[in-house]
Every structure is written in structure tokens, then in C-alpha cells.
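Colleague: Below you'll find query34.pdb; it's PDB, C-alpha atoms.
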ATOM      1  CA  MET A  12     -37.024  -5.732 -25.124
ATOM      2  CA  TYR A  13     -34.169  -6.497 -27.491
ATOM      3  CA  GLY A  14     -31.687  -5.951 -24.680
ATOM      4  CA  ARG A  15     -33.477  -8.461 -22.459
ATOM      5  CA  LEU A  16     -33.505 -11.084 -25.219
ATOM      6  CA  LEU A  17     -29.803 -10.505 -25.852
ATOM      7  CA  LEU A  18     -29.066 -10.941 -22.136
ATOM      8  CA  LEU A  19     -31.144 -14.155 -22.032
ATOM      9  CA  TRP A  20     -29.293 -15.481 -25.099
ATOM     10  CA  PHE A  21     -25.939 -14.693 -23.462
ATOM     11  CA  VAL A  22     -26.912 -16.499 -20.234
ATOM     12  CA  LEU A  23     -28.127 -19.584 -22.110
ATOM     13  CA  CYS A  24     -24.973 -19.706 -24.204
ATOM     14  CA  SER A  25     -22.860 -19.412 -21.064
ATOM     15  CA  VAL A  26     -24.711 -22.293 -19.446
ATOM     16  CA  ASP A  27     -24.404 -24.465 -22.535
ATOM     17  CA  SER A  28     -20.682 -23.753 -22.842
ATOM     18  CA  HIS A  29     -20.112 -25.064 -19.312
ATOM     19  CA  ALA A  30     -22.304 -28.113 -19.825
ATOM     20  CA  SER A  31     -19.934 -29.790 -22.245
ATOM     21  CA  THR A  32     -16.569 -28.752 -20.846
ATOM     22  CA  LEU A  33     -15.949 -31.138 -17.944
ATOM     23  CA  PHE A  34     -14.710 -34.023 -20.096
ATOM     24  CA  ASP A  35     -13.852 -32.030 -23.216
ATOM     25  CA  GLN A  36     -10.885 -30.204 -21.720
ATOM     26  CA  GLN A  37      -7.612 -31.957 -20.963
ATOM     27  CA  ALA A  38      -5.949 -29.566 -18.513
ATOM     28  CA  PRO A  39      -6.155 -30.801 -14.904
ATOM     29  CA  LEU A  40      -9.102 -29.250 -13.077
ATOM     30  CA  GLN A  41      -8.143 -27.408  -9.877
ATOM     31  CA  LEU A  42     -10.435 -28.064  -6.898
ATOM     32  CA  GLU A  43     -10.654 -27.669  -3.151
ATOM     33  CA  ILE A  44     -13.000 -30.005  -1.279
ATOM     34  CA  THR A  45     -13.857 -29.440   2.362
ATOM     35  CA  ALA A  46     -15.645 -32.196   4.283
ATOM     36  CA  ASN A  47     -15.436 -34.258   7.441
ATOM     37  CA  PHE A  48     -13.231 -36.897   5.822
ATOM     38  CA  LYS A  49     -12.474 -38.374   9.233
ATOM     39  CA  GLN A  50     -16.155 -39.254   9.586
ATOM     40  CA  LEU A  51     -16.678 -40.207   5.936
ATOM     41  CA  THR A  52     -13.836 -42.723   6.078
ATOM     42  CA  ALA A  53     -14.554 -44.092   9.572
ATOM     43  CA  ILE A  54     -16.307 -47.160   8.178
ATOM     44  CA  ASP A  55     -15.248 -50.686   7.342
ATOM     45  CA  GLN A  56     -15.917 -53.097   4.504
ATOM     46  CA  GLU A  57     -19.080 -54.390   6.160
ATOM     47  CA  THR A  58     -20.644 -50.976   6.807
ATOM     48  CA  GLU A  59     -22.867 -49.291   4.249
ATOM     49  CA  ALA A  60     -21.401 -45.879   3.461
ATOM     50  CA  GLU A  61     -23.642 -42.821   3.607
ATOM     51  CA  TYR A  62     -23.465 -39.413   1.974
ATOM     52  CA  GLY A  63     -22.129 -36.535   4.046
ATOM     53  CA  PRO A  64     -22.051 -32.773   3.337
ATOM     54  CA  GLY A  65     -19.126 -30.958   1.775
ATOM     55  CA  GLN A  66     -18.058 -27.859  -0.123
ATOM     56  CA  LEU A  67     -16.408 -28.017  -3.524
ATOM     57  CA  VAL A  68     -14.526 -24.979  -4.789
ATOM     58  CA  VAL A  69     -13.451 -24.691  -8.427
ATOM     59  CA  LEU A  70     -10.230 -22.718  -8.838
ATOM     60  CA  GLU A  71      -8.698 -21.074 -11.861
ATOM     61  CA  ASN A  72      -5.150 -19.767 -11.504
ATOM     62  CA  GLY A  73      -5.647 -19.863  -7.749
ATOM     63  CA  THR A  74      -8.852 -17.804  -7.892
ATOM     64  CA  GLN A  75     -12.207 -19.179  -6.819
ATOM     65  CA  ILE A  76     -14.730 -19.246  -9.666
ATOM     66  CA  HIS A  77     -17.383 -21.548  -8.156
ATOM     67  CA  ASN A  78     -18.264 -22.647  -4.623
ATOM     68  CA  LEU A  79     -20.746 -25.541  -4.559
ATOM     69  CA  SER A  80     -22.482 -27.488  -1.822
ATOM     70  CA  VAL A  81     -22.009 -31.195  -2.527
ATOM     71  CA  GLU A  82     -22.385 -34.555  -0.828
ATOM     72  CA  LEU A  83     -19.669 -37.213  -0.650
ATOM     73  CA  LYS A  84     -19.811 -40.949  -0.040
ATOM     74  CA  ALA A  85     -16.918 -43.401   0.258
ATOM     75  CA  ARG A  86     -16.937 -46.280  -2.229
ATOM     76  CA  GLY A  87     -14.804 -49.288  -3.123
ATOM     77  CA  LYS A  88     -14.814 -52.124  -0.579
ATOM     78  CA  SER A  89     -11.147 -53.040  -0.924
ATOM     79  CA  ARG A  90     -10.167 -49.393  -0.527
ATOM     80  CA  LEU A  91     -12.041 -49.227   2.806
ATOM     81  CA  ASN A  92      -9.562 -51.727   4.228
ATOM     82  CA  LYS A  93      -7.217 -49.489   6.230
ATOM     83  CA  ASP A  94      -4.405 -52.026   5.798
ATOM     84  CA  ASN A  95      -4.540 -51.345   2.044
ATOM     85  CA  CYS A  96      -5.442 -47.672   1.772
ATOM     86  CA  LYS A  97      -5.566 -44.559   3.901
ATOM     87  CA  PHE A  98      -8.045 -42.822   1.593
ATOM     88  CA  PRO A  99     -10.997 -44.413  -0.244
ATOM     89  CA  LEU A 100     -12.692 -43.679  -3.534
ATOM     90  CA  PHE A 101     -15.701 -41.363  -3.477
ATOM     91  CA  PHE A 102     -18.981 -40.545  -5.132
ATOM     92  CA  ILE A 103     -19.680 -36.804  -5.299
ATOM     93  CA  ARG A 104     -23.314 -35.796  -5.608
ATOM     94  CA  PHE A 105     -24.169 -32.343  -6.925
ATOM     95  CA  SER A 106     -27.174 -30.110  -6.264
ATOM     96  CA  ALA A 107     -28.975 -27.572  -8.421
ATOM     97  CA  GLU A 108     -26.148 -25.133  -7.584
ATOM     98  CA  ALA A 109     -24.053 -26.880 -10.237
ATOM     99  CA  GLN A 110     -26.236 -25.543 -13.060
ATOM    100  CA  GLY A 111     -24.305 -23.003 -15.069
ATOM    101  CA  THR A 112     -20.949 -24.372 -13.916
ATOM    102  CA  ILE A 113     -18.503 -26.904 -15.306
ATOM    103  CA  PHE A 114     -20.461 -29.570 -13.388
ATOM    104  CA  GLN A 115     -23.800 -28.769 -14.992
ATOM    105  CA  ASP A 116     -25.950 -31.903 -15.465
ATOM    106  CA  GLN A 117     -23.445 -34.053 -13.570
ATOM    107  CA  ASP A 118     -25.748 -35.455 -10.889
ATOM    108  CA  VAL A 119     -23.189 -37.893  -9.444
ATOM    109  CA  LEU A 120     -19.517 -38.344 -10.346
ATOM    110  CA  PRO A 121     -17.216 -41.187  -9.281
ATOM    111  CA  LEU A 122     -13.870 -39.856  -8.063
ATOM    112  CA  THR A 123     -10.781 -42.066  -8.179
ATOM    113  CA  THR A 124      -8.386 -40.844  -5.506
ATOM    114  CA  HIS A 125      -4.969 -41.572  -4.038
ATOM    115  CA  CYS A 126      -4.758 -44.666  -1.858
ATOM    116  CA  GLN A 127      -1.629 -43.670   0.068
ATOM    117  CA  LYS A 128       0.342 -40.443   0.402
ATOM    118  CA  LYS A 129       3.487 -41.962  -1.136
ATOM    119  CA  ARG A 130       4.840 -40.311  -4.286
ATOM    120  CA  SER A 131       4.486 -43.575  -6.197
ATOM    121  CA  TYR A 132       0.728 -43.521  -5.621
ATOM    122  CA  GLN A 133       0.505 -40.186  -7.415
ATOM    123  CA  ALA A 134       2.114 -41.823 -10.434
ATOM    124  CA  TYR A 135      -0.491 -44.615 -10.255
ATOM    125  CA  ILE A 136      -3.274 -42.030 -10.606
ATOM    126  CA  HIS A 137      -1.652 -40.483 -13.680
ATOM    127  CA  LYS A 138      -1.043 -43.844 -15.325
ATOM    128  CA  GLU A 139      -4.627 -44.961 -14.809
ATOM    129  CA  TYR A 140      -5.856 -41.673 -16.253
ATOM    130  CA  LEU A 141      -3.641 -42.230 -19.293
ATOM    131  CA  ILE A 142      -5.108 -45.711 -19.798
ATOM    132  CA  TYR A 143      -8.621 -44.241 -19.836
ATOM    133  CA  GLN A 144      -7.442 -41.694 -22.384
ATOM    134  CA  MET A 145      -5.764 -44.370 -24.508
ATOM    135  CA  TYR A 146      -8.919 -46.450 -24.712
ATOM    136  CA  GLY A 147     -10.848 -43.295 -25.602
ATOM    137  CA  LEU A 148      -8.561 -42.846 -28.620
ATOM    138  CA  LEU A 149      -9.678 -46.256 -29.884
ATOM    139  CA  THR A 150     -13.448 -45.857 -29.601
ATOM    140  CA  ASP A 151     -16.128 -43.430 -28.480
ATOM    141  CA  LYS A 152     -17.721 -46.389 -26.668
ATOM    142  CA  SER A 153     -15.564 -45.621 -23.671
ATOM    143  CA  LEU A 154     -15.887 -43.760 -20.390
ATOM    144  CA  HIS A 155     -14.815 -40.144 -20.363
ATOM    145  CA  SER A 156     -12.315 -39.064 -17.718
ATOM    146  CA  ARG A 157     -10.853 -35.818 -16.381
ATOM    147  CA  LEU A 158      -7.743 -35.381 -14.287
ATOM    148  CA  VAL A 159      -8.203 -33.203 -11.206
ATOM    149  CA  ASN A 160      -5.764 -31.709  -8.722
ATOM    150  CA  ILE A 161      -7.533 -31.511  -5.368
ATOM    151  CA  ARG A 162      -6.729 -29.874  -2.074
ATOM    152  CA  TYR A 163      -8.682 -31.827   0.555
ATOM    153  CA  VAL A 164      -9.555 -29.922   3.735
ATOM    154  CA  ASP A 165     -10.609 -32.292   6.535
ATOM    155  CA  SER A 166     -12.971 -30.435   8.865
ATOM    156  CA  GLY A 167     -12.942 -33.468  11.159
ATOM    157  CA  ARG A 168      -9.210 -33.053  11.784
ATOM    158  CA  GLY A 169      -8.886 -29.315  12.382
ATOM    159  CA  ASN A 170      -8.970 -28.442   8.664
ATOM    160  CA  ARG A 171      -5.879 -30.532   7.982
ATOM    161  CA  GLU A 172      -4.975 -30.243   4.277
ATOM    162  CA  THR A 173      -3.848 -32.879   1.802
ATOM    163  CA  GLU A 174      -3.211 -32.274  -1.884
ATOM    164  CA  SER A 175      -3.420 -35.010  -4.490
ATOM    165  CA  TYR A 176      -4.392 -35.782  -8.053
ATOM    166  CA  GLY A 177      -7.535 -37.737  -8.816
ATOM    167  CA  ILE A 178      -9.739 -38.743 -11.738
ATOM    168  CA  PHE A 179     -13.380 -37.938 -12.381
ATOM    169  CA  ILE A 180     -14.920 -40.841 -14.304
ATOM    170  CA  GLU A 181     -18.085 -40.423 -16.355
ATOM    171  CA  HIS A 182     -21.094 -41.844 -14.520
ATOM    172  CA  PHE A 183     -22.489 -44.997 -16.142
ATOM    173  CA  ALA A 184     -25.922 -43.432 -16.616
ATOM    174  CA  LYS A 185     -24.403 -40.409 -18.377
ATOM    175  CA  ALA A 186     -22.337 -42.660 -20.648
ATOM    176  CA  ALA A 187     -25.487 -44.605 -21.555
ATOM    177  CA  GLU A 188     -27.285 -41.353 -22.298
ATOM    178  CA  ARG A 189     -24.433 -40.032 -24.443
ATOM    179  CA  LEU A 190     -24.213 -43.257 -26.452
ATOM    180  CA  ASN A 191     -27.984 -43.692 -26.768
ATOM    181  CA  GLY A 192     -27.659 -46.974 -24.901
ATOM    182  CA  GLU A 193     -29.212 -48.837 -22.018
ATOM    183  CA  ILE A 194     -27.340 -50.363 -19.089
ATOM    184  CA  VAL A 195     -27.907 -54.124 -19.053
ATOM    185  CA  PRO A 196     -26.770 -56.941 -16.736
ATOM    186  CA  ALA A 197     -23.755 -59.089 -17.540
ATOM    187  CA  THR A 198     -24.490 -61.644 -20.245
ATOM    188  CA  ARG A 199     -22.787 -64.643 -18.577
ATOM    189  CA  SER A 200     -21.261 -65.225 -21.993
ATOM    190  CA  ASN A 201     -18.869 -63.075 -24.015
ATOM    191  CA  ARG A 202     -20.359 -64.658 -27.110
ATOM    192  CA  LEU A 203     -23.524 -62.575 -26.726
ATOM    193  CA  THR A 204     -21.649 -59.269 -26.934
ATOM    194  CA  GLU A 205     -20.763 -57.362 -30.094
ATOM    195  CA  PRO A 206     -17.668 -59.198 -31.419
ATOM    196  CA  SER A 207     -15.504 -56.326 -32.645
ATOM    197  CA  GLN A 208     -15.936 -54.180 -29.512
ATOM    198  CA  THR A 209     -15.439 -57.219 -27.282
ATOM    199  CA  ALA A 210     -12.236 -58.154 -29.089
ATOM    200  CA  LEU A 211     -11.020 -54.555 -28.714
ATOM    201  CA  VAL A 212     -11.609 -54.736 -24.951
ATOM    202  CA  GLU A 213      -9.836 -58.096 -24.720
ATOM    203  CA  VAL A 214      -6.782 -57.090 -26.730
ATOM    204  CA  PHE A 215      -6.550 -53.709 -24.975
ATOM    205  CA  HIS A 216      -6.553 -55.441 -21.588
ATOM    206  CA  TYR A 217      -3.779 -57.699 -22.859
ATOM    207  CA  MET A 218      -1.778 -54.670 -23.982
ATOM    208  CA  VAL A 219      -1.986 -52.927 -20.591
ATOM    209  CA  GLY A 220      -1.584 -56.235 -18.730
ATOM    210  CA  ASN A 221      -4.912 -56.198 -16.909
ATOM    211  CA  THR A 222      -6.600 -59.427 -15.803
ATOM    212  CA  ASP A 223      -8.946 -57.906 -13.214
ATOM    213  CA  TRP A 224     -12.041 -57.905 -15.430
ATOM    214  CA  SER A 225     -14.738 -60.172 -16.835
ATOM    215  CA  VAL A 226     -17.309 -59.502 -19.525
ATOM    216  CA  ALA A 227     -19.273 -62.612 -18.573
ATOM    217  CA  PHE A 228     -19.638 -61.514 -14.938
ATOM    218  CA  GLY A 229     -19.677 -57.771 -15.561
ATOM    219  CA  HIS A 230     -16.584 -57.268 -13.412
ATOM    220  CA  ASN A 231     -15.028 -53.863 -14.138
ATOM    221  CA  VAL A 232     -16.946 -53.803 -17.409
ATOM    222  CA  LEU A 233     -20.002 -51.652 -18.109
ATOM    223  CA  MET A 234     -22.503 -53.407 -20.389
ATOM    224  CA  LEU A 235     -24.570 -51.193 -22.686
ATOM    225  CA  LYS A 236     -27.210 -52.209 -25.182
ATOM    226  CA  ILE A 237     -26.750 -49.881 -28.135
ATOM    227  CA  ASP A 238     -29.267 -50.467 -30.920
ATOM    228  CA  GLU A 239     -29.333 -54.278 -30.942
ATOM    229  CA  ASP A 240     -25.746 -54.805 -29.809
ATOM    230  CA  ILE A 241     -24.464 -55.423 -26.285
ATOM    231  CA  VAL A 242     -21.248 -53.455 -25.977
ATOM    232  CA  PRO A 243     -18.683 -53.880 -23.152
ATOM    233  CA  ILE A 244     -16.906 -50.765 -21.867
ATOM    234  CA  PRO A 245     -13.919 -51.298 -19.526
ATOM    235  CA  TYR A 246     -13.057 -49.338 -16.411
ATOM    236  CA  ASP A 247     -10.896 -49.585 -13.268
ATOM    237  CA  PHE A 248      -7.356 -50.329 -14.484
ATOM    238  CA  ASP A 249      -5.317 -50.042 -11.292
ATOM    239  CA  GLN A 250      -4.414 -53.761 -11.338
ATOM    240  CA  SER A 251      -2.737 -53.381 -14.748
ATOM    241  CA  GLY A 252       0.861 -54.292 -15.429
ATOM    242  CA  ALA A 253       1.205 -50.945 -17.210
ATOM    243  CA  ILE A 254       0.647 -49.264 -13.834
ATOM    244  CA  ASP A 255       2.301 -51.962 -11.695
ATOM    245  CA  THR A 256       1.050 -50.840  -8.301
ATOM    246  CA  GLU A 257       2.748 -52.304  -5.257
ATOM    247  CA  TYR A 258      -0.563 -53.782  -4.095
ATOM    248  CA  ALA A 259      -1.582 -55.437  -7.387
ATOM    249  CA  VAL A 260      -1.665 -59.232  -7.270
ATOM    250  CA  PRO A 261      -3.074 -61.498 -10.004
ATOM    251  CA  SER A 262      -5.720 -64.084  -9.213
ATOM    252  CA  ASP A 263      -4.289 -67.395  -8.040
ATOM    253  CA  LYS A 264      -6.448 -69.024 -10.734
ATOM    254  CA  LEU A 265      -4.222 -67.568 -13.446
ATOM    255  CA  ARG A 266      -0.910 -68.901 -14.736
ATOM    256  CA  ILE A 267       1.028 -65.767 -13.824
ATOM    257  CA  ARG A 268       2.783 -64.631 -10.658
ATOM    258  CA  ARG A 269       2.997 -60.884 -11.349
ATOM    259  CA  VAL A 270       0.575 -58.461 -12.986
ATOM    260  CA  THR A 271       3.331 -57.414 -15.388
ATOM    261  CA  GLN A 272       3.136 -60.866 -17.000
ATOM    262  CA  ARG A 273       0.695 -60.797 -19.894
ATOM    263  CA  ILE A 274      -1.931 -63.492 -20.353
ATOM    264  CA  PHE A 275      -4.682 -63.310 -22.953
ATOM    265  CA  ARG A 276      -8.166 -63.851 -21.524
ATOM    266  CA  GLY A 277     -10.311 -63.323 -24.616
ATOM    267  CA  ILE A 278     -13.109 -65.639 -25.727
ATOM    268  CA  CYS A 279     -12.462 -67.361 -29.057
ATOM    269  CA  LYS A 280     -13.706 -65.581 -32.167
ATOM    270  CA  PRO A 281     -12.747 -65.687 -35.848
ATOM    271  CA  PRO A 282      -9.019 -64.815 -35.991
ATOM    272  CA  GLN A 283      -9.710 -61.837 -38.229
ATOM    273  CA  THR A 284     -11.804 -60.237 -35.466
ATOM    274  CA  PHE A 285      -8.754 -60.238 -33.191
ATOM    275  CA  GLN A 286      -6.521 -59.087 -36.046
ATOM    276  CA  ASP A 287      -8.821 -56.116 -36.663
ATOM    277  CA  ALA A 288      -8.662 -55.165 -32.985
ATOM    278  CA  ILE A 289      -4.869 -55.479 -33.017
ATOM    279  CA  GLY A 290      -4.736 -53.345 -36.167
ATOM    280  CA  SER A 291      -6.831 -50.607 -34.534
ATOM    281  CA  ILE A 292      -4.480 -50.525 -31.556
ATOM    282  CA  LYS A 293      -1.316 -50.581 -33.679
ATOM    283  CA  ALA A 294      -2.658 -47.618 -35.656
ATOM    284  CA  GLN A 295      -2.744 -45.570 -32.430
ATOM    285  CA  ARG A 296       0.738 -46.462 -31.208
ATOM    286  CA  SER A 297       2.234 -43.071 -31.971
ATOM    287  CA  SER A 298      -0.770 -41.358 -30.377
ATOM    288  CA  PHE A 299      -0.304 -43.444 -27.222
ATOM    289  CA  THR A 300       3.379 -42.536 -27.109
ATOM    290  CA  GLN A 301       2.632 -38.853 -27.573
ATOM    291  CA  LEU A 302      -0.119 -38.915 -24.946
ATOM    292  CA  ILE A 303       2.175 -40.428 -22.323
ATOM    293  CA  SER A 304       5.298 -38.461 -23.251
ATOM    294  CA  GLN A 305       3.505 -35.112 -23.127
ATOM    295  CA  HIS A 306       1.672 -35.734 -19.849
ATOM    296  CA  GLN A 307       3.558 -33.133 -17.824
ATOM    297  CA  PRO A 308       2.368 -34.018 -14.293
ATOM    298  CA  LEU A 309       3.995 -37.464 -14.585
ATOM    299  CA  ASP A 310       7.757 -37.735 -14.018
ATOM    300  CA  ASP A 311       9.998 -39.064 -16.778
ATOM    301  CA  ARG A 312      10.943 -42.287 -15.003
ATOM    302  CA  PRO A 313       7.371 -43.689 -14.665
ATOM    303  CA  LYS A 314       6.629 -42.440 -18.182
ATOM    304  CA  GLN A 315       9.521 -44.436 -19.604
ATOM    305  CA  LYS A 316       8.571 -47.508 -17.583
ATOM    306  CA  MET A 317       5.026 -47.361 -18.951
ATOM    307  CA  LEU A 318       6.230 -46.850 -22.513
ATOM    308  CA  ARG A 319       8.641 -49.788 -22.266
ATOM    309  CA  TYR A 320       5.839 -51.987 -20.996
ATOM    310  CA  LEU A 321       3.633 -51.049 -23.970
ATOM    311  CA  ASP A 322       6.586 -51.668 -26.304
ATOM    312  CA  GLY A 323       6.481 -55.284 -25.126
ATOM    313  CA  PHE A 324       2.964 -55.633 -26.557
ATOM    314  CA  PHE A 325       3.894 -54.031 -29.859
ATOM    315  CA  ASP A 326       6.890 -56.361 -30.144
ATOM    316  CA  ILE A 327       4.480 -59.303 -29.818
ATOM    317  CA  VAL A 328       2.008 -58.087 -32.453
ATOM    318  CA  GLN A 329       4.817 -57.156 -34.843
ATOM    319  CA  GLU A 330       5.401 -60.838 -35.667
ATOM    320  CA  PRO A 331       2.426 -62.840 -37.065
ATOM    321  CA  GLU A 332       3.672 -66.120 -35.594
ATOM    322  CA  VAL A 333       4.107 -64.613 -32.141
ATOM    323  CA  THR A 334       0.689 -62.910 -32.361
ATOM    324  CA  GLU A 335      -0.938 -66.198 -33.214
ATOM    325  CA  LYS A 336       0.845 -68.040 -30.415
ATOM    326  CA  ARG A 337       0.472 -65.444 -27.641
ATOM    327  CA  ILE A 338      -2.980 -64.068 -28.447
ATOM    328  CA  ILE A 339      -5.156 -65.819 -31.016
ATOM    329  CA  ASN A 340      -4.342 -69.407 -30.001
ATOM    330  CA  GLU A 341      -4.656 -68.505 -26.309
ATOM    331  CA  CYS A 342      -8.345 -67.579 -26.559
ATOM    332  CA  ARG A 343     -10.726 -69.493 -24.337
TER     333      ARG A 343
END
Render the structure in this file as C-alpha cells.

Modeller:
Amino acid sequence: MYGRLLLLWFVLCSVDSHASTLFDQQAPLQLEITANFKQLTAIDQETEAEYGPGQLVVLENGTQIHNLSVELKARGKSRLNKDNCKFPLFFIRFSAEAQGTIFQDQDVLPLTTHCQKKRSYQAYIHKEYLIYQMYGLLTDKSLHSRLVNIRYVDSGRGNRETESYGIFIEHFAKAAERLNGEIVPATRSNRLTEPSQTALVEVFHYMVGNTDWSVAFGHNVLMLKIDEDIVPIPYDFDQSGAIDTEYAVPSDKLRIRRVTQRIFRGICKPPQTFQDAIGSIKAQRSSFTQLISQHQPLDDRPKQKMLRYLDGFFDIVQEPEVTEKRIINECR
């Protein structure tokens, strides 16, 4: 009897240890995904994507440790435009087979993938992952992310293989559950959101040079009601100046011509609220530098370019007069 209880305890502990590891570990996860990608991606921006079957293999040092039946669905309307991208974003839906694995309790995961096969597009993936990690250093009210190295096997093209990095992003529902929050619609006004978290989002976007977001319209911002506060959580950073993709173009409604030009888009608040957000970011400068510098999969040249771009922000906030002119007085 004792032996059976000990075995049950061991199994439960093993399951629990997997349940929390997907976003806790930093090492890139090694995967192989087999699916009919030719069929999954043979849709246009006007067609509603559907889930299709696939197999997901988890590898460790080249050895298979899990083989899971999954379903995949293309997502991201702009990425379905073949003139822009050769490969879309995906949702991956898991079955009960995932219990007891690293994907336990992950019903659906958004996967950010490569857009083109060019080497530069691999760097874009790493830089966006680093931006997610940087925001996570500032607040737990952020989306978790995990870098993955995936070998795609396209059964629709004679098992043709493509290898690329990608990013698993925490599903909105799981983030709400973790933060004891509730997903709510956009407020139509930044003034209804929690001021300090909103200011942090606004200043962080300014630092990474991202204008492709809106709290008021819920564009690339998850809105959670936590206790009595409405908290914005940013996502989707590929239009950022810190990444500087070749396809990124700022809105023609803005006073900038390139995404690398910073423009502050925050809603006016007491100056001290912005100063507190700036202070929180300045306090993490060395952590940001270390995070980027030690990210081995990214080559030195794009690392240095990203670091120089962030240095431009820290030069601005180093001088009170410049901070006031470029950020606080530019609020809307």
C-alpha cells in the first residue's frame, strides 16, 4: 500500500513540475512540428482560417521526449498576405495528451513565427522575444514568452523541412487566470485605466520606438480588470524601432517617417506618474543590457544595434529638460 502511495506521489509531483516549466525556463525549447503547412497557409486575408491536424515533438539534446497530437490554425491577417510574408503566425491547440508534459494546461498557445526565410528575419524574432522579456522585468502584469527553435516538416510538400526560431506567447485567458483578472473590452479612454501601469506601457513603447498600439482601442494591448483596476498589457512589438524590420512603416497620421523615430503617444497624467515610470525603466537599464548581450542565439551586430537604439532613450531621460520636452510635454 505504501509503495502505491509513493508511486502516486511521484507521478503527481512529476506532473506538477512540468505544469510550471513552459514559461519559467529561459533556454530555447526544441520542437519538431509536422503538418500540412501548404494547406494551412493556402488562404487569404478574407478567408476564415480553420484548424488542421499536426504532430508536435519535444526534443531534448536531439532525443524525442514527447510526441503530441495537436491542431494548428494560421492567424494574423497582414501575415496572410503573400506579398508580405511566406509564413503566417499560428495558434496551436493541445489535447489531453499534453497532460504531464511541458505543455500541461496550455489549451491554446499563440506562436509567433518567421515571416521570411532571410537571416534578418531570424534576428527580428529574437529582438521581439527580448522586448517581451524586458517588459517582464518591469512588471508581472505582462505576458510570458518562451523562445522555441522549431523544425517544420511540411507533409503537403513531400515532408520538406524548414528550421526557424519562434516565440510562444502566453494565451490571454491564461494570463488573466494567473493575475486573478478578467479580460475586458477597450475603454475608449486611457484615463479609465490604472495610471501607473498605463504610464509604464506608454513610456516603454516610447523606449522601444513602437507606435503600433492603442489603449483606447485595445490595439495590441490586452485589457485586464484586476481587483478594481483596468490594467493594459502590451504585446506584438514587431513594428518597433528597436527591431527595425524592413516591412515596418509608421502610420501616415503620425509626424514621423521611420519607425526608428521616437514619438510619445501617452495620454496626459500628473508629471510625477510619468517620472515614476521612467524611474522604473532606468532602474532596469543594466538588466536590459545584460539580457540582450547574453542572448547567445542573436549575432553581435543586431545586438549592438538594439543596444544603441535603447541608449538613445536613456540619453533623453538623463536630462530633466529633455525628458520634459520629449515626453511629458508631448502627452496628448

Colleague: Produce the centre coordinates and the three edge lengths, each in Å to one decimal, of the box along x, y and z that contains all listed atoms of region 37-55 of chain A with 6 Å added on each side, as JSON.

Modeller:
{"center_x": -11.3, "center_y": -39.0, "center_z": -5.7, "size_x": 22.7, "size_y": 35.3, "size_z": 42.5}

Colleague: Report the residues retrieved by the PyMOL selection byres ((chain A and resi 269) around 10) from the displayed file, expressed as a list in words.

Modeller: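 What the PyMOL selection byres ((chain A and resi 269) around 10) grabs from the file is Gly220, Gly252, Asp255, Ala259, Val260, Pro261, Ser262, Arg266, Ile267, Arg268, Val270, Thr271, Gln272 and Arg273 of chain A.
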
Colleague: What would the file look like if the residues just selected were written as a JSON list (two decimals), keeping the file's coordinate frame with C-alpha atoms?

Modeller:
[["chain", "number", "residue", "atom", "x", "y", "z"],
["A", 220, "GLY", "CA", -1.58, -56.24, -18.73],
["A", 252, "GLY", "CA", 0.86, -54.29, -15.43],
["A", 255, "ASP", "CA", 2.30, -51.96, -11.70],
["A", 259, "ALA", "CA", -1.58, -55.44, -7.39],
["A", 260, "VAL", "CA", -1.66, -59.23, -7.27],
["A", 261, "PRO", "CA", -3.07, -61.50, -10.00],
["A", 262, "SER", "CA", -5.72, -64.08, -9.21],
["A", 266, "ARG", "CA", -0.91, -68.90, -14.74],
["A", 267, "ILE", "CA", 1.03, -65.77, -13.82],
["A", 268, "ARG", "CA", 2.78, -64.63, -10.66],
["A", 270, "VAL", "CA", 0.57, -58.46, -12.99],
["A", 271, "THR", "CA", 3.33, -57.41, -15.39],
["A", 272, "GLN", "CA", 3.14, -60.87, -17.00],
["A", 273, "ARG", "CA", 0.70, -60.80, -19.89]]

Colleague: Set the distance at 9 Å and use all atoms listed in the file: which residues neighbour Ala184 (chain A) once local chain neighbours fewer than 4 positions away are removed? I'd like the list as a PyMOL selection string.

Modeller: chain A and resi 188-189+193-194

Colleague: Could you save the residues just selected, with C-alpha atoms, as a short mmCIF file (atom, residue, chain, number, x, y, z; two decimals), in the frame of the given file?

Modeller:
data_model
loop_
_atom_site.label_atom_id
_atom_site.label_comp_id
_atom_site.auth_asym_id
_atom_site.auth_seq_id
_atom_site.Cartn_x
_atom_site.Cartn_y
_atom_site.Cartn_z
CA GLU A 188 -27.28 -41.35 -22.30
CA ARG A 189 -24.43 -40.03 -24.44
CA GLU A 193 -29.21 -48.84 -22.02
CA ILE A 194 -27.34 -50.36 -19.09
#

Colleague: Check the smallest atom-to-atom distance from each of A:Asp249, A:Asp116, A:Glu61, A:Glu205 to Met234 (chain A) using only C-alpha atoms, then report the winner.

Modeller: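 Going through A:Asp249, A:Asp116, A:Glu61, A:Glu205 one by one, the smallest distance to Met234 (chain A) is for A:Glu205.
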
Colleague: Taking the file as shown, find all residues satisfying the PyMOL selection byres ((chain A and resi 118) around 8) and write them as a list in words.

Modeller: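 Listing what the PyMOL selection byres ((chain A and resi 118) around 8) selects in the shown file: Arg104, Phe105, Ser106, Asp116, Gln117, Val119 and Leu120 of chain A.
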
Colleague: Selected residues, C-alpha atoms, written as a short mmCIF file (atom, residue, chain, number, x, y, z; two decimals), keeping the file's coordinate frame, please.

Modeller:
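The result, stored in out31.cif:
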data_model
loop_
_atom_site.label_atom_id
_atom_site.label_comp_id
_atom_site.auth_asym_id
_atom_site.auth_seq_id
_atom_site.Cartn_x
_atom_site.Cartn_y
_atom_site.Cartn_z
CA ARG A 104 -23.31 -35.80 -5.61
CA PHE A 105 -24.17 -32.34 -6.92
CA SER A 106 -27.17 -30.11 -6.26
CA ASP A 116 -25.95 -31.90 -15.46
CA GLN A 117 -23.44 -34.05 -13.57
CA VAL A 119 -23.19 -37.89 -9.44
CA LEU A 120 -19.52 -38.34 -10.35
#

Colleague: Rank A:Ile289, A:Ala109, A:Leu70, A:Ile244 by their smallest atom-to-atom distance to Asn231 (chain A), using only C-alpha atoms, and report the top residue only.

Modeller: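 Ranked by minimum distance to Asn231 (chain A), first place goes to A:Ile244.
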
Colleague: Between A:Ser225, A:Leu100, A:Tyr135, A:Lys128, which has the minimum distance to Pro313 (chain A) (counting all atoms listed in the file)?

Modeller: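 Of all the options, A:Tyr135 lies closest to Pro313 (chain A).
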
Colleague: Please, can region 48-52 of chain A be completed to N, CA, C and O atoms and returned as a CSV table (one decimal), keeping the file's coordinate frame?

Modeller:
chain,number,residue,atom,x,y,z
A,48,PHE,N,-13.8,-35.7,6.4
A,48,PHE,CA,-13.2,-36.9,5.8
A,48,PHE,C,-13.0,-37.9,6.9
A,48,PHE,O,-13.0,-39.1,6.7
A,49,LYS,N,-12.7,-37.4,8.1
A,49,LYS,CA,-12.5,-38.4,9.2
A,49,LYS,C,-13.7,-39.2,9.4
A,49,LYS,O,-13.7,-40.4,9.6
A,50,GLN,N,-14.9,-38.5,9.4
A,50,GLN,CA,-16.2,-39.3,9.6
A,50,GLN,C,-16.5,-40.1,8.4
A,50,GLN,O,-17.0,-41.2,8.5
A,51,LEU,N,-16.3,-39.5,7.2
A,51,LEU,CA,-16.7,-40.2,5.9
A,51,LEU,C,-15.9,-41.5,5.8
A,51,LEU,O,-16.4,-42.5,5.2
A,52,THR,N,-14.7,-41.5,6.3
A,52,THR,CA,-13.8,-42.7,6.1
A,52,THR,C,-13.8,-43.6,7.3
A,52,THR,O,-13.1,-44.6,7.3
